[in-house]
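Here is the structure we will look at, set down as structure tokens.
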Amino acid sequence: MRPYVERELKLLARSREALASALLIASALGFIFAEHYAAGLAAVNLVAAALYGYVQVLREEELGTLDGLRLLRQPEKVAAAKFVTLFSAALAASLVYSAVCYAATLRPPELWLVPPTSAYFAAASTASALLSTAARSGVTVSTTLTAALVLGYSLSLAAGRMDPATLAMPLTALLALLALSRSIVQ
Amino acid sequence: MWKRYSSGWVLRGVSLDVRDVVVIYGANGSGKTTFVKILAGLVPPTRGEVRRPGRVGVALQQPMMHPDLTVEENLRFYAGALGAEYGEVVEMFGLKRYLRAKFSHLSYGWRRRADLARALLGQAEALLLDEPMLGLDSEGRRAVAEVVRRFGGPAVVTASSTCDYVEIGAAAWFELRDGALRPAAPTCGPT
């Protein structure tokens, strides 16, 4: 598993423009949503996860490098490593957003919402991007799928209804991604 | 094996039992790359099946190394994923001085060489090489021929011209034309 995660993290580090864009958007959303922390958190994660879903998965398909990963016949490791990277990117964007919200309102943000939200959006975005490559479609299908998958969670998050079922969604999505990976990475 | 795209049939009942080095040549667009991708398991056939041995080393015309990583980072990743060492292939293809270069900064010929090195990592039981000599200089072509000769196992090598491939010492030659494979003799010149 280690080589897969190392590779993805190196690629994330090399995507400076995408990383800078995600962090700048997160900062801007921090000012816009300062009074509505949870709703803004959903927006930040949607942007970051979709952006990196493109960089880490769809661009790899365009370059032909995803074929090299397919030939290794370890789809679960590919999907898990891509999830870890997208989660890291979404987490970084969420923390920047939270810092800006705090600076703007001087109210401590509900940081406990960050890990499950970033995890859920990262799992949904990874699954959407991989499904999109399996279906030989592009970025539009991937982002539409991501938006559809995160809608229910986002509504619960924005309404402050983080019940046990909603909090279980990240783990459920990750397990579904790993279970499906053999079909969608091949 | 049959393969059909929206534009029509590319392969029409191709059948091949590969036990040694086989060269398949054909004009551009004759279906060679599709054939190799199906053998590699990257594209499903419309009809038919492929029986593969354990690990197959595959190099397509479009390299599979990531352009944003260095040659060494790419090789280290694949070697780590396969539980292999990459020192031997670096030596074989003379890649030592390019290890720290970003893959996208290499010339086309060196990118091909580096990607061929990747394909040979680990204990491959068969090789699938799609026009491996395309864009290589004479030294690179000699290295590829040497690698295929030394490999000794089943290998499918595609070619758009037969001249460069005579020295790999293939056991059989086929021409892919109109979606069908026909036994053919190597001729030095464009097909």
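Labels used: A, B, ... for chains in the order of the structure tokens, numbers from 1 for residues in each chain, and numbers from 1 for ligands as shown.
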
May I have the residues within 10 Å of Ser104 of chain B as a PDB file with C-alpha atoms, in the first residue's frame, using only C-alpha atoms and disregarding those fewer than 2 positions away in the same chain?
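Contents of around_27.pdb, as written:
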ATOM      1  CA  MET B  65       4.964   6.624 -16.465  1.00  0.00           C
ATOM      2  CA  HIS B  66       3.555   9.782 -14.915  1.00  0.00           C
ATOM      3  CA  PRO B  67       4.948  12.971 -16.517  1.00  0.00           C
ATOM      4  CA  ASP B  68       4.968  14.905 -13.222  1.00  0.00           C
ATOM      5  CA  LEU B  69       7.251  12.387 -11.490  1.00  0.00           C
ATOM      6  CA  THR B  70      10.934  11.758 -12.125  1.00  0.00           C
ATOM      7  CA  VAL B  71      12.099   8.607 -13.885  1.00  0.00           C
ATOM      8  CA  ALA B 101      14.897  14.019 -14.603  1.00  0.00           C
ATOM      9  CA  LYS B 102      11.180  14.683 -14.682  1.00  0.00           C
ATOM     10  CA  LEU B 106      12.831  13.601 -21.493  1.00  0.00           C
ATOM     11  CA  SER B 107      12.911  13.324 -25.268  1.00  0.00           C
ATOM     12  CA  TYR B 108      10.400  10.950 -26.858  1.00  0.00           C
ATOM     13  CA  ARG B 111      10.572   8.317 -22.518  1.00  0.00           C
TER      14      ARG B 111
END

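When the distance limit is 8 Å and only C-alpha atoms are what count, the residues near Val5 of chain A, minus those fewer than 2 positions from it on the same chain, are Met1, Arg2, Pro3, Arg7, Glu8, Leu9, Ala81, Lys82, Val84 and Thr85 of chain A.
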
Within 9 Å of chain A, which residues of chain B show up when using only C-alpha atoms, listed as a ChimeraX atom specification? /B:40-42,55-59,62-69,73-74,76-82

What would the file look like if the residues just selected were written as a PDB file, in the first residue's frame with C-alpha atoms?
ATOM      1  CA  ALA B  40      -3.142  -6.896 -21.816  1.00  0.00           C
ATOM      2  CA  GLY B  41      -6.679  -6.806 -20.422  1.00  0.00           C
ATOM      3  CA  LEU B  42      -7.033  -3.034 -20.826  1.00  0.00           C
ATOM      4  CA  ARG B  55       2.193 -11.191 -14.788  1.00  0.00           C
ATOM      5  CA  VAL B  56       2.489  -9.651 -18.216  1.00  0.00           C
ATOM      6  CA  GLY B  57       4.919  -6.808 -18.940  1.00  0.00           C
ATOM      7  CA  VAL B  58       3.165  -4.252 -21.137  1.00  0.00           C
ATOM      8  CA  ALA B  59       4.526  -1.192 -22.942  1.00  0.00           C
ATOM      9  CA  GLN B  62       1.705   6.014 -24.926  1.00  0.00           C
ATOM     10  CA  PRO B  63       4.031   5.650 -21.928  1.00  0.00           C
ATOM     11  CA  MET B  64       2.460   4.738 -18.595  1.00  0.00           C
ATOM     12  CA  MET B  65       4.964   6.624 -16.465  1.00  0.00           C
ATOM     13  CA  HIS B  66       3.555   9.782 -14.915  1.00  0.00           C
ATOM     14  CA  PRO B  67       4.948  12.971 -16.517  1.00  0.00           C
ATOM     15  CA  ASP B  68       4.968  14.905 -13.222  1.00  0.00           C
ATOM     16  CA  LEU B  69       7.251  12.387 -11.490  1.00  0.00           C
ATOM     17  CA  GLU B  73      10.113   8.049  -8.737  1.00  0.00           C
ATOM     18  CA  ASN B  74       8.159   6.252 -11.432  1.00  0.00           C
ATOM     19  CA  ARG B  76      10.534   3.122  -7.600  1.00  0.00           C
ATOM     20  CA  PHE B  77       6.758   3.122  -7.477  1.00  0.00           C
ATOM     21  CA  TYR B  78       6.333   0.253  -9.942  1.00  0.00           C
ATOM     22  CA  ALA B  79       9.210  -1.707  -8.412  1.00  0.00           C
ATOM     23  CA  GLY B  80       7.705  -1.231  -4.941  1.00  0.00           C
ATOM     24  CA  ALA B  81       4.237  -2.249  -6.120  1.00  0.00           C
ATOM     25  CA  LEU B  82       5.644  -5.388  -7.769  1.00  0.00           C
TER      26      LEU B  82
END

Residues at most 9 Å from Tyr86 of chain B, counting only C-alpha atoms, excluding those fewer than 4 positions away in the same chain, as number ranges by chain? B: 72, 75-76, 78-79, 90-91, 117-118, 121-122

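For Val18 of chain B, the residues within 12 Å (counting only C-alpha atoms, excluding itself and residues fewer than 6 positions away along the chain) are Ile24, Leu39, Val50, Arg51, Arg52, Pro53, Glu125, Ala126, Leu127, Leu128, Gly153, Pro154, Ala155, Val156, Val157, Ala170, Ala171, Ala172, Trp173 and Phe174 of chain B.
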
Same residues, N, CA and C atoms, output as a tab-separated table (two decimals), in the first residue's frame:
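Produced file again-v5.tsv, reproduced below:
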chain	number	residue	atom	x	y	z
B	24	ILE	N	3.89	-8.95	-34.89
B	24	ILE	CA	2.68	-8.68	-35.68
B	24	ILE	C	2.86	-7.32	-36.33
B	39	LEU	N	-5.06	-8.05	-25.37
B	39	LEU	CA	-4.21	-9.07	-24.76
B	39	LEU	C	-3.80	-8.68	-23.34
B	50	VAL	N	-9.25	-14.08	-23.74
B	50	VAL	CA	-7.78	-14.11	-23.71
B	50	VAL	C	-7.37	-14.88	-22.46
B	51	ARG	N	-6.49	-15.85	-22.65
B	51	ARG	CA	-5.93	-16.56	-21.49
B	51	ARG	C	-4.50	-16.08	-21.32
B	52	ARG	N	-4.27	-15.48	-20.16
B	52	ARG	CA	-2.95	-14.89	-19.90
B	52	ARG	C	-2.22	-15.69	-18.83
B	53	PRO	N	-0.87	-15.68	-18.89
B	53	PRO	CA	-0.12	-16.24	-17.76
B	53	PRO	C	-0.17	-15.25	-16.60
B	125	GLU	N	5.91	-12.95	-16.99
B	125	GLU	CA	5.91	-14.26	-17.65
B	125	GLU	C	5.66	-14.12	-19.14
B	126	ALA	N	5.26	-12.95	-19.55
B	126	ALA	CA	5.06	-12.69	-20.99
B	126	ALA	C	5.24	-11.19	-21.23
B	127	LEU	N	5.53	-10.83	-22.46
B	127	LEU	CA	5.72	-9.42	-22.81
B	127	LEU	C	4.76	-9.01	-23.92
B	128	LEU	N	4.23	-7.81	-23.80
B	128	LEU	CA	3.41	-7.24	-24.86
B	128	LEU	C	3.99	-5.86	-25.17
B	153	GLY	N	10.74	-15.82	-23.20
B	153	GLY	CA	9.38	-16.33	-22.98
B	153	GLY	C	8.44	-15.86	-24.07
B	154	PRO	N	7.15	-16.10	-23.88
B	154	PRO	CA	6.19	-15.63	-24.87
B	154	PRO	C	6.15	-14.10	-24.92
B	155	ALA	N	6.18	-13.57	-26.12
B	155	ALA	CA	6.16	-12.11	-26.28
B	155	ALA	C	5.46	-11.77	-27.59
B	156	VAL	N	4.62	-10.75	-27.53
B	156	VAL	CA	4.00	-10.22	-28.74
B	156	VAL	C	4.54	-8.82	-28.96
B	157	VAL	N	5.13	-8.61	-30.12
B	157	VAL	CA	5.71	-7.32	-30.46
B	157	VAL	C	5.02	-6.83	-31.73
B	170	ALA	N	12.42	-13.26	-34.00
B	170	ALA	CA	11.08	-13.78	-33.70
B	170	ALA	C	10.89	-15.18	-34.27
B	171	ALA	N	10.09	-15.97	-33.54
B	171	ALA	CA	9.80	-17.33	-34.01
B	171	ALA	C	8.74	-17.30	-35.11
B	172	ALA	N	7.90	-16.30	-35.09
B	172	ALA	CA	6.83	-16.24	-36.10
B	172	ALA	C	6.49	-14.79	-36.41
B	173	TRP	N	6.05	-14.57	-37.64
B	173	TRP	CA	5.65	-13.24	-38.09
B	173	TRP	C	4.22	-13.32	-38.64
B	174	PHE	N	3.45	-12.30	-38.32
B	174	PHE	CA	2.08	-12.23	-38.84
B	174	PHE	C	1.82	-10.82	-39.34

Do a neighbour search on segment 110-114 of chain A at 9 Å with only C-alpha atoms, toss out local chain neighbours closer than 2 positions, and write the hits as an MDAnalysis selection string. chainID A and resid 37:38 41 91 94:95 98 108 116:119 157 162

Just the selected residues (N, CA and C atoms), exported as an mmCIF file, in the first residue's frame, please.
data_model
loop_
_atom_site.group_PDB
_atom_site.id
_atom_site.type_symbol
_atom_site.label_atom_id
_atom_site.label_comp_id
_atom_site.auth_asym_id
_atom_site.auth_seq_id
_atom_site.Cartn_x
_atom_site.Cartn_y
_atom_site.Cartn_z
ATOM 1 N N TYR A 37 -21.102 28.440 8.986
ATOM 2 C CA TYR A 37 -19.900 27.601 8.894
ATOM 3 C C TYR A 37 -20.174 26.259 8.210
ATOM 4 N N ALA A 38 -21.220 25.555 8.623
ATOM 5 C CA ALA A 38 -21.459 24.198 8.116
ATOM 6 C C ALA A 38 -21.765 24.204 6.619
ATOM 7 N N LEU A 41 -18.656 24.763 4.732
ATOM 8 C CA LEU A 41 -17.770 23.594 4.793
ATOM 9 C C LEU A 41 -18.119 22.606 3.665
ATOM 10 N N LEU A 91 -9.112 18.031 3.474
ATOM 11 C CA LEU A 91 -8.844 18.390 4.871
ATOM 12 C C LEU A 91 -8.074 19.713 4.945
ATOM 13 N N SER A 94 -10.349 22.520 4.126
ATOM 14 C CA SER A 94 -11.308 22.744 5.224
ATOM 15 C C SER A 94 -10.655 23.498 6.369
ATOM 16 N N LEU A 95 -9.398 23.186 6.645
ATOM 17 C CA LEU A 95 -8.711 23.851 7.757
ATOM 18 C C LEU A 95 -8.437 25.327 7.435
ATOM 19 N N SER A 98 -11.744 27.007 7.826
ATOM 20 C CA SER A 98 -12.100 27.156 9.247
ATOM 21 C C SER A 98 -11.323 28.306 9.875
ATOM 22 N N PRO A 108 -15.140 30.160 17.634
ATOM 23 C CA PRO A 108 -14.443 28.919 17.273
ATOM 24 C C PRO A 108 -15.319 28.052 16.368
ATOM 25 N N PRO A 116 -15.246 14.007 9.221
ATOM 26 C CA PRO A 116 -16.247 13.200 8.484
ATOM 27 C C PRO A 116 -16.648 13.831 7.148
ATOM 28 N N THR A 117 -16.702 15.168 7.109
ATOM 29 C CA THR A 117 -17.113 15.832 5.871
ATOM 30 C C THR A 117 -16.062 15.643 4.775
ATOM 31 N N SER A 118 -14.805 15.873 5.123
ATOM 32 C CA SER A 118 -13.741 15.692 4.122
ATOM 33 C C SER A 118 -13.658 14.239 3.677
ATOM 34 N N ALA A 119 -13.839 13.323 4.618
ATOM 35 C CA ALA A 119 -13.775 11.889 4.275
ATOM 36 C C ALA A 119 -14.924 11.526 3.326
ATOM 37 N N LEU A 157 -25.772 18.457 6.832
ATOM 38 C CA LEU A 157 -24.692 19.263 7.432
ATOM 39 C C LEU A 157 -25.138 20.719 7.590
ATOM 40 N N MET A 162 -26.621 16.375 12.160
ATOM 41 C CA MET A 162 -25.574 15.367 12.020
ATOM 42 C C MET A 162 -25.893 14.185 12.943
#

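Comparing B:Thr187, B:Asn28, B:Arg4, B:Asp115 by their smallest distance to Phe103 of chain B, the closest is B:Asp115 (using only C-alpha atoms).
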